[in-house]
Amino acid sequence: MTAQDSKLGDTDDKIFVGKGDEQAWLTLALANRHGLVTGATGTGKTVSLQVMAEGFARAGVPVFASDIKGDLSGISEVGEAKDFIVKRATEMGLTFQPDQFSTVFWDVFGEQGHPVRATVTEMGPLLLARMLDLNDVQEGVLNVAFRVADDNGLTLIDMKDLRALLDAIVPDAGKKGADAEESPLADIKKEAQGFGNVTKATVGTIQRQLLVLENQGGTKFFGEPALTLKDFMKTDRDGRGMVNILVADKLLQSPRLYATFLLWMLSELFEELPEAGDLPKPKLVFFFDEAHLLFNDAPKALMDKIEQVVRLIRSKGVGVYFVTQNPVDVPDRVLGQLGNRVQHALRAFTPCDQKAVAAAAQTFRPNPKLDTAKVIMELGKGEALVSFLEGNGTPTMVERVMIRPPSARIGSITPEERKAIMDASPVKGKYDTAVDAESAYEMIQKRIAGTAATADAGAADGGGGILGQIGSMVGTIFGTNVKRGRLSAGQVIARDVTRSVTNQVIGGMAANLGKSVAGQLGGSIGRTLVRGALGGLLRR
């Protein structure tokens with residue numbers, strides 16, 4: 001089959017991307033060798049991304065793409081046979097056929113798509129430290145906290161779990177007398193100090209950074225039900241790949257949250273998927289827009305991990321395509337692994353820009369017919385320099401081509417259209433309601449309350465059973481069974497925990513029981529705490 005005798009242009013093993021003196025084909029069997037789409041603002045990167053996403057979806061390959069401006073959402077609606085679109089298709093030997101693709105919208109904030117959540121444990125200390133912009137000392141303390149949580153079975157699901165754990169590892173201030181009561185969290189504090197000097201000042205800094213993250217909306221990202229990445233890897237009833245779109249216009253206002261979220265997903269895929277080798281087509285293709293944010297100010301340890309994951313995830317059947325303005329935005333160690341290239345126009349108004357254009361030209365296999373650096377600055381909207389892998393995995397000579405028109409709508413959709421798609425979504429209801437399962441926060445609170453209750457039960461002279469315990473606690477609050485003078489640590493805790501009336505105490509016990517059941521159903525406690533390449537879990 002050729003582009004000329006196909007309505008859509010694609011074949012069973014290739015995606016038709018564009019045409020110049022030669023036709024530009026993206027080979028599906030080599031699509032897991034990753035790629036790069038670059039160009040200045042307004043030169044057509046989003047359209048190129050949409051053309052490739054449509055081609056993958058037709059071939060039965062699921063797609064994930066972050067949508068910064070909302071333009072990519074049009075892939076979910078039928079395209080329009082506008083004059084310029086029909087003309088361009090005809091010039092390429094295509095018959096324009098309007099089409100649409102099965103789409104699932106995702107949104108970290110749960111506003112324009114299904115909520116996307118991860119647990120703190122899944123995120124791991126390396127990525128979380130990147131998200132919080134911690135220095136080496138603070139990252140070390142965060143690693144201590146995660147180690148203590150693992151050793152004590154404290155599952156970290158949401159932000160309050162991490163805050164409670166950080167409070168728990170802070171050393172007690174000052175020296176205590178021989179008759180002073182030991183903290184109910186003394187063993188946790190002792191274990192933390194055994195890994196190094198955990199200071200109150202350092203923990204306080206981490207807590208303040210958590211507040212910044214919460215103010216940026218990070219609270220909504222951490223929790224349950226956590227995202228199951230296999231929900232990205234589905235096909236529709238026609239065998240086409242589902243297109244998963246991350247609504248990222250608001251998320252991009254928090255660049256570190258955006259970048260770390262994408263790295264987490266890449267890490268999780270790397271850990272979860274089995275080795276597959278080179279397949280006839282990928283299992284999944286990722287398009288990461290504003291890719292430079294993934295690498296900005298990344299410490300060497302994180303860069304090493306990113307390079308490792310990008311290099312090895314190919315064998316898991318996943319293709320990763322970075323979308324950014326200039327190839328120099330991507331580190332050389334990663335850039336060398338991106339075999340499929342689409343370069344839109346760059347502008348050179350300053351000496352720095354001219355160097356960037358020259359560097360971009362050098363990333364292509366030269367074509368004797370083209371002055372690559374000159375052409376990059378001459379490209380019109382919708383034109384691109386293209387070089388895809390062929391045959392034995394070598395890049396083709398760079399060609400100047402006109403990108404084919406998408407079959408679906410170009411541009412954003414309306415809120416009503418988005419709502420209709422979400423209402424018919426295959427994952428509707430699965431992630432829409434947050435679950436507050438029993439985790440580190442509840443476990444630590446139980447530990448504190450349990451120690452207080454034990455101390456008061458021994459000191460009180462009241463009746464047994466739950467009513468007796470409650471009576472003793474109430475007596476402690478009002479001083480009826482407490483000697484004059486300074487309250488013990490256990491009595492202070494009991495007073496603070498039990499300021500509410502008796503029915504609230506009983507209600508709280510019932511709520512804890514409910515949370516315990518919910519936690520078991522959610523499976524949070526039963527996870528195996530084995531972290532992988534970027535801090536994710538190996539689920540077993």
# chains A, B, ... in the order shown; residues from 1 in each chain; ligands from 1
$ residues_around --residues "Ser102 in chain A" --least-positions-apart "6" --cutoff "10 Å" --atoms "only C-alpha atoms" --output "list in words"
Ala57, Pro62, Ile75, Ser76, Glu77, Thr235, Asp236, Arg237, Asp238, Arg240, Gly241, Met242, Val243, Asn244, Ile421 and Ser425 of chain A
$ residues_around --residues "Gly74 in chain A" --least-positions-apart "4" --cutoff "6 Å" --atoms "only C-alpha atoms" --output "list in words"
Arg409, Ile410, Gly411, Ser412 and Ile413 of chain A
$ residues_around --residues "Ala440 in chain A" --least-positions-apart "6" --cutoff "8 Å" --atoms "only C-alpha atoms" --output "PyMOL selection string"
chain A and resi 149+154-157+161-162+164-165
$ write_last_selection --atoms "all heavy atoms" --output "PDB file, in the first residue's frame"
ATOM      1  N   ALA A 149       9.670   4.953  57.580  1.00  0.00           N
ATOM      2  CA  ALA A 149       8.308   4.540  57.231  1.00  0.00           C
ATOM      3  C   ALA A 149       8.287   3.096  56.756  1.00  0.00           C
ATOM      4  O   ALA A 149       7.412   2.312  57.152  1.00  0.00           O
ATOM      5  CB  ALA A 149       7.743   5.466  56.155  1.00  0.00           C
ATOM      6  N   LEU A 154       4.657   2.084  57.912  1.00  0.00           N
ATOM      7  CA  LEU A 154       3.850   3.308  57.838  1.00  0.00           C
ATOM      8  C   LEU A 154       3.674   3.695  56.371  1.00  0.00           C
ATOM      9  O   LEU A 154       4.578   4.232  55.744  1.00  0.00           O
ATOM     10  CB  LEU A 154       4.532   4.451  58.605  1.00  0.00           C
ATOM     11  CG  LEU A 154       4.779   4.194  60.097  1.00  0.00           C
ATOM     12  CD1 LEU A 154       5.586   5.336  60.706  1.00  0.00           C
ATOM     13  CD2 LEU A 154       3.453   4.036  60.832  1.00  0.00           C
ATOM     14  N   THR A 155       2.524   3.406  55.820  1.00  0.00           N
ATOM     15  CA  THR A 155       2.268   3.691  54.414  1.00  0.00           C
ATOM     16  C   THR A 155       2.017   5.176  54.217  1.00  0.00           C
ATOM     17  O   THR A 155       1.153   5.764  54.872  1.00  0.00           O
ATOM     18  CB  THR A 155       1.048   2.900  53.919  1.00  0.00           C
ATOM     19  OG1 THR A 155       1.249   1.524  54.216  1.00  0.00           O
ATOM     20  CG2 THR A 155       0.864   3.067  52.425  1.00  0.00           C
ATOM     21  N   LEU A 156       2.765   5.770  53.297  1.00  0.00           N
ATOM     22  CA  LEU A 156       2.644   7.195  53.008  1.00  0.00           C
ATOM     23  C   LEU A 156       1.767   7.374  51.778  1.00  0.00           C
ATOM     24  O   LEU A 156       2.186   7.102  50.658  1.00  0.00           O
ATOM     25  CB  LEU A 156       4.029   7.811  52.762  1.00  0.00           C
ATOM     26  CG  LEU A 156       5.036   7.640  53.903  1.00  0.00           C
ATOM     27  CD1 LEU A 156       6.399   8.167  53.490  1.00  0.00           C
ATOM     28  CD2 LEU A 156       4.550   8.340  55.162  1.00  0.00           C
ATOM     29  N   ILE A 157       0.543   7.825  52.009  1.00  0.00           N
ATOM     30  CA  ILE A 157      -0.403   7.982  50.906  1.00  0.00           C
ATOM     31  C   ILE A 157      -0.549   9.437  50.500  1.00  0.00           C
ATOM     32  O   ILE A 157      -0.377   9.785  49.335  1.00  0.00           O
ATOM     33  CB  ILE A 157      -1.778   7.398  51.283  1.00  0.00           C
ATOM     34  CG1 ILE A 157      -1.667   5.877  51.440  1.00  0.00           C
ATOM     35  CG2 ILE A 157      -2.817   7.745  50.221  1.00  0.00           C
ATOM     36  CD1 ILE A 157      -2.951   5.210  51.832  1.00  0.00           C
ATOM     37  N   ASP A 161       0.095  12.351  55.736  1.00  0.00           N
ATOM     38  CA  ASP A 161       0.921  11.225  56.176  1.00  0.00           C
ATOM     39  C   ASP A 161       2.387  11.636  56.256  1.00  0.00           C
ATOM     40  O   ASP A 161       3.087  11.320  57.225  1.00  0.00           O
ATOM     41  CB  ASP A 161       0.782  10.049  55.205  1.00  0.00           C
ATOM     42  CG  ASP A 161      -0.586   9.402  55.249  1.00  0.00           C
ATOM     43  OD1 ASP A 161      -1.190   9.379  56.334  1.00  0.00           O
ATOM     44  OD2 ASP A 161      -1.059   8.930  54.204  1.00  0.00           O
ATOM     45  N   LEU A 162       2.856  12.327  55.234  1.00  0.00           N
ATOM     46  CA  LEU A 162       4.257  12.739  55.219  1.00  0.00           C
ATOM     47  C   LEU A 162       4.526  13.764  56.309  1.00  0.00           C
ATOM     48  O   LEU A 162       5.567  13.718  56.979  1.00  0.00           O
ATOM     49  CB  LEU A 162       4.609  13.316  53.847  1.00  0.00           C
ATOM     50  CG  LEU A 162       6.074  13.726  53.647  1.00  0.00           C
ATOM     51  CD1 LEU A 162       7.006  12.557  53.925  1.00  0.00           C
ATOM     52  CD2 LEU A 162       6.293  14.260  52.241  1.00  0.00           C
ATOM     53  N   ALA A 164       2.937  14.034  59.181  1.00  0.00           N
ATOM     54  CA  ALA A 164       2.928  13.326  60.469  1.00  0.00           C
ATOM     55  C   ALA A 164       4.229  12.562  60.681  1.00  0.00           C
ATOM     56  O   ALA A 164       4.769  12.522  61.796  1.00  0.00           O
ATOM     57  CB  ALA A 164       1.732  12.373  60.532  1.00  0.00           C
ATOM     58  N   LEU A 165       4.735  11.950  59.623  1.00  0.00           N
ATOM     59  CA  LEU A 165       5.994  11.205  59.733  1.00  0.00           C
ATOM     60  C   LEU A 165       7.157  12.145  60.032  1.00  0.00           C
ATOM     61  O   LEU A 165       8.008  11.842  60.883  1.00  0.00           O
ATOM     62  CB  LEU A 165       6.251  10.442  58.437  1.00  0.00           C
ATOM     63  CG  LEU A 165       7.580   9.680  58.369  1.00  0.00           C
ATOM     64  CD1 LEU A 165       7.619   8.573  59.418  1.00  0.00           C
ATOM     65  CD2 LEU A 165       7.793   9.099  56.977  1.00  0.00           C
TER      66      LEU A 165
END
$ closest_residue --among "A:Pro255, A:Gly317, A:Gly218, A:Pro331" --to "Leu284 in chain A" --atoms "only C-alpha atoms"
A:Gly317
$ residues_around --residues "Gln209 in chain A" --least-positions-apart "6" --cutoff "10 Å" --atoms "only C-alpha atoms" --output "PyMOL selection string"
chain A and resi 129+131-134+203+215
$ atom_distance --atom1 "CA of Val318 in chain A" --atom2 "CA of Gly239 in chain A"
18.4 Å
$ closest_residue --among "A:Leu49, A:Leu210, A:Val170, A:Ala356" --to "Glu191 in chain A" --atoms "only C-alpha atoms"
A:Val170
$ select_by_dssp --residues "range 371-453 of chain A" --states "strand (DSSP E or B)" --output "ChimeraX atom specification"
/A:383-387,389-390,394-395,399-403,408,435
$ atom_distance --atom1 "CA of Thr394 in chain A" --atom2 "CA of Asn367 in chain A"
14.2 Å
$ closest_residue --among "A:Gly380, A:Gly44, A:Gly93, A:Gly35" --to "Gln23 in chain A" --atoms "only C-alpha atoms"
A:Gly93
$ select_by_dssp --residues "range 150-207 of chain A" --states "alpha helix (DSSP H)" --output "ChimeraX atom specification"
/A:150-151,159-169,186-194,200-207
$ closest_residue --among "A:Asn296, A:Asn340, A:Ser439, A:Thr228" --to "Val386 in chain A" --atoms "only C-alpha atoms"
A:Asn340
$ residues_around --residues "Gly393 in chain A" --least-positions-apart "3" --cutoff "12 Å" --atoms "only C-alpha atoms" --output "JSON list (two decimals) with N, CA, C and O atoms, in the first residue's frame"
[["chain", "number", "residue", "atom", "x", "y", "z"],
["A", 26, "LEU", "N", 7.09, 7.40, 9.28],
["A", 26, "LEU", "CA", 7.53, 6.96, 10.61],
["A", 26, "LEU", "C", 7.23, 5.47, 10.72],
["A", 26, "LEU", "O", 6.07, 5.06, 10.71],
["A", 27, "THR", "N", 8.26, 4.67, 10.82],
["A", 27, "THR", "CA", 8.11, 3.21, 10.86],
["A", 27, "THR", "C", 7.69, 2.78, 12.27],
["A", 27, "THR", "O", 8.37, 3.09, 13.26],
["A", 28, "LEU", "N", 6.58, 2.04, 12.36],
["A", 28, "LEU", "CA", 6.05, 1.64, 13.67],
["A", 28, "LEU", "C", 7.03, 0.76, 14.44],
["A", 28, "LEU", "O", 7.16, 0.88, 15.66],
["A", 29, "ALA", "N", 7.73, -0.12, 13.74],
["A", 29, "ALA", "CA", 8.65, -1.02, 14.42],
["A", 29, "ALA", "C", 9.84, -0.28, 15.03],
["A", 29, "ALA", "O", 10.52, -0.82, 15.92],
["A", 30, "LEU", "N", 10.10, 0.95, 14.56],
["A", 30, "LEU", "CA", 11.21, 1.75, 15.09],
["A", 30, "LEU", "C", 10.72, 2.94, 15.91],
["A", 30, "LEU", "O", 11.52, 3.78, 16.32],
["A", 31, "ALA", "N", 9.42, 2.99, 16.16],
["A", 31, "ALA", "CA", 8.85, 4.12, 16.90],
["A", 31, "ALA", "C", 9.22, 4.09, 18.37],
["A", 31, "ALA", "O", 9.12, 5.12, 19.06],
["A", 32, "ASN", "N", 9.63, 2.92, 18.88],
["A", 32, "ASN", "CA", 10.04, 2.84, 20.28],
["A", 32, "ASN", "C", 11.48, 3.31, 20.48],
["A", 32, "ASN", "O", 12.02, 3.22, 21.58],
["A", 33, "ARG", "N", 12.11, 3.80, 19.40],
["A", 33, "ARG", "CA", 13.45, 4.38, 19.51],
["A", 33, "ARG", "C", 13.39, 5.87, 19.87],
["A", 33, "ARG", "O", 14.37, 6.58, 19.76],
["A", 34, "HIS", "N", 12.20, 6.30, 20.23],
["A", 34, "HIS", "CA", 11.97, 7.65, 20.76],
["A", 34, "HIS", "C", 12.10, 8.73, 19.67],
["A", 34, "HIS", "O", 12.48, 8.44, 18.54],
["A", 278, "ASP", "N", 12.03, -5.64, 20.66],
["A", 278, "ASP", "CA", 11.55, -4.83, 19.55],
["A", 278, "ASP", "C", 10.30, -5.46, 18.97],
["A", 278, "ASP", "O", 10.34, -6.54, 18.39],
["A", 337, "GLN", "N", 19.59, 9.56, 22.05],
["A", 337, "GLN", "CA", 18.71, 8.39, 22.00],
["A", 337, "GLN", "C", 17.40, 8.67, 21.27],
["A", 337, "GLN", "O", 16.54, 7.80, 21.18],
["A", 338, "LEU", "N", 17.25, 9.88, 20.74],
["A", 338, "LEU", "CA", 16.01, 10.28, 20.08],
["A", 338, "LEU", "C", 16.21, 10.20, 18.57],
["A", 338, "LEU", "O", 16.69, 11.14, 17.94],
["A", 339, "GLY", "N", 15.84, 9.07, 17.98],
["A", 339, "GLY", "CA", 16.17, 8.81, 16.59],
["A", 339, "GLY", "C", 15.23, 9.43, 15.58],
["A", 339, "GLY", "O", 15.62, 9.68, 14.44],
["A", 340, "ASN", "N", 13.96, 9.69, 15.95],
["A", 340, "ASN", "CA", 12.97, 10.22, 15.02],
["A", 340, "ASN", "C", 12.79, 11.72, 15.29],
["A", 340, "ASN", "O", 12.36, 12.12, 16.37],
["A", 387, "SER", "N", 13.60, 13.71, 9.84],
["A", 387, "SER", "CA", 14.50, 12.56, 9.68],
["A", 387, "SER", "C", 14.01, 11.46, 10.61],
["A", 387, "SER", "O", 14.03, 11.62, 11.84],
["A", 388, "PHE", "N", 13.54, 10.36, 10.01],
["A", 388, "PHE", "CA", 13.06, 9.22, 10.78],
["A", 388, "PHE", "C", 14.01, 8.04, 10.59],
["A", 388, "PHE", "O", 14.76, 7.97, 9.60],
["A", 389, "LEU", "N", 13.97, 7.13, 11.53],
["A", 389, "LEU", "CA", 14.79, 5.92, 11.43],
["A", 389, "LEU", "C", 14.25, 5.00, 10.33],
["A", 389, "LEU", "O", 13.04, 4.94, 10.10],
["A", 390, "GLU", "N", 15.13, 4.29, 9.70],
["A", 390, "GLU", "CA", 14.74, 3.37, 8.63],
["A", 390, "GLU", "C", 15.51, 2.07, 8.76],
["A", 390, "GLU", "O", 16.53, 2.00, 9.44],
["A", 396, "THR", "N", 17.35, 8.60, 8.34],
["A", 396, "THR", "CA", 17.36, 9.02, 6.94],
["A", 396, "THR", "C", 17.99, 10.40, 6.83],
["A", 396, "THR", "O", 18.09, 11.14, 7.81]]
$ residues_around --residues "Phe195 in chain A" --least-positions-apart "6" --cutoff "12 Å" --atoms "only C-alpha atoms" --output "ChimeraX atom specification"
/A:140-148,169,188-189
$ closest_residue --among "A:Asp329, A:Glu122, A:Asp371, A:Asp297" --to "Phe261 in chain A" --atoms "only C-alpha atoms"
A:Glu122
$ closest_residue --among "A:Val37, A:Ala408, A:Leu335, A:Leu273" --to "Tyr321 in chain A" --atoms "only C-alpha atoms"
A:Val37
$ atom_distance --atom1 "CA of Met377 in chain A" --atom2 "CA of Thr363 in chain A"
15.3 Å
$ residues_around --residues "Leu385 in chain A" --least-positions-apart "4" --cutoff "7 Å" --atoms "only C-alpha atoms" --output "PyMOL selection string"
chain A and resi 342-344+398-401
$ write_last_selection --atoms "N, CA, C and O atoms" --output "PDB file, in the first residue's frame"
ATOM      1  N   VAL A 342      11.540  15.740  14.146  1.00  0.00           N
ATOM      2  CA  VAL A 342      10.741  16.701  13.377  1.00  0.00           C
ATOM      3  C   VAL A 342      11.143  18.089  13.854  1.00  0.00           C
ATOM      4  O   VAL A 342      10.919  18.434  15.023  1.00  0.00           O
ATOM      5  N   GLN A 343      11.741  18.871  12.959  1.00  0.00           N
ATOM      6  CA  GLN A 343      12.222  20.206  13.316  1.00  0.00           C
ATOM      7  C   GLN A 343      11.448  21.270  12.548  1.00  0.00           C
ATOM      8  O   GLN A 343      11.557  21.395  11.333  1.00  0.00           O
ATOM      9  N   HIS A 344      10.651  22.061  13.289  1.00  0.00           N
ATOM     10  CA  HIS A 344       9.973  23.204  12.687  1.00  0.00           C
ATOM     11  C   HIS A 344      10.894  24.425  12.739  1.00  0.00           C
ATOM     12  O   HIS A 344      12.024  24.350  13.216  1.00  0.00           O
ATOM     13  N   VAL A 398      18.091  14.221   6.184  1.00  0.00           N
ATOM     14  CA  VAL A 398      17.070  15.204   6.509  1.00  0.00           C
ATOM     15  C   VAL A 398      16.364  15.680   5.241  1.00  0.00           C
ATOM     16  O   VAL A 398      16.985  15.882   4.199  1.00  0.00           O
ATOM     17  N   GLU A 399      15.037  15.812   5.321  1.00  0.00           N
ATOM     18  CA  GLU A 399      14.223  16.263   4.189  1.00  0.00           C
ATOM     19  C   GLU A 399      13.320  17.404   4.636  1.00  0.00           C
ATOM     20  O   GLU A 399      12.845  17.435   5.774  1.00  0.00           O
ATOM     21  N   ARG A 400      13.092  18.334   3.722  1.00  0.00           N
ATOM     22  CA  ARG A 400      12.146  19.416   3.962  1.00  0.00           C
ATOM     23  C   ARG A 400      10.786  18.963   3.464  1.00  0.00           C
ATOM     24  O   ARG A 400      10.624  18.643   2.290  1.00  0.00           O
ATOM     25  N   VAL A 401       9.794  18.918   4.353  1.00  0.00           N
ATOM     26  CA  VAL A 401       8.480  18.404   3.982  1.00  0.00           C
ATOM     27  C   VAL A 401       7.380  19.327   4.495  1.00  0.00           C
ATOM     28  O   VAL A 401       7.580  20.134   5.414  1.00  0.00           O
TER      29      VAL A 401
END
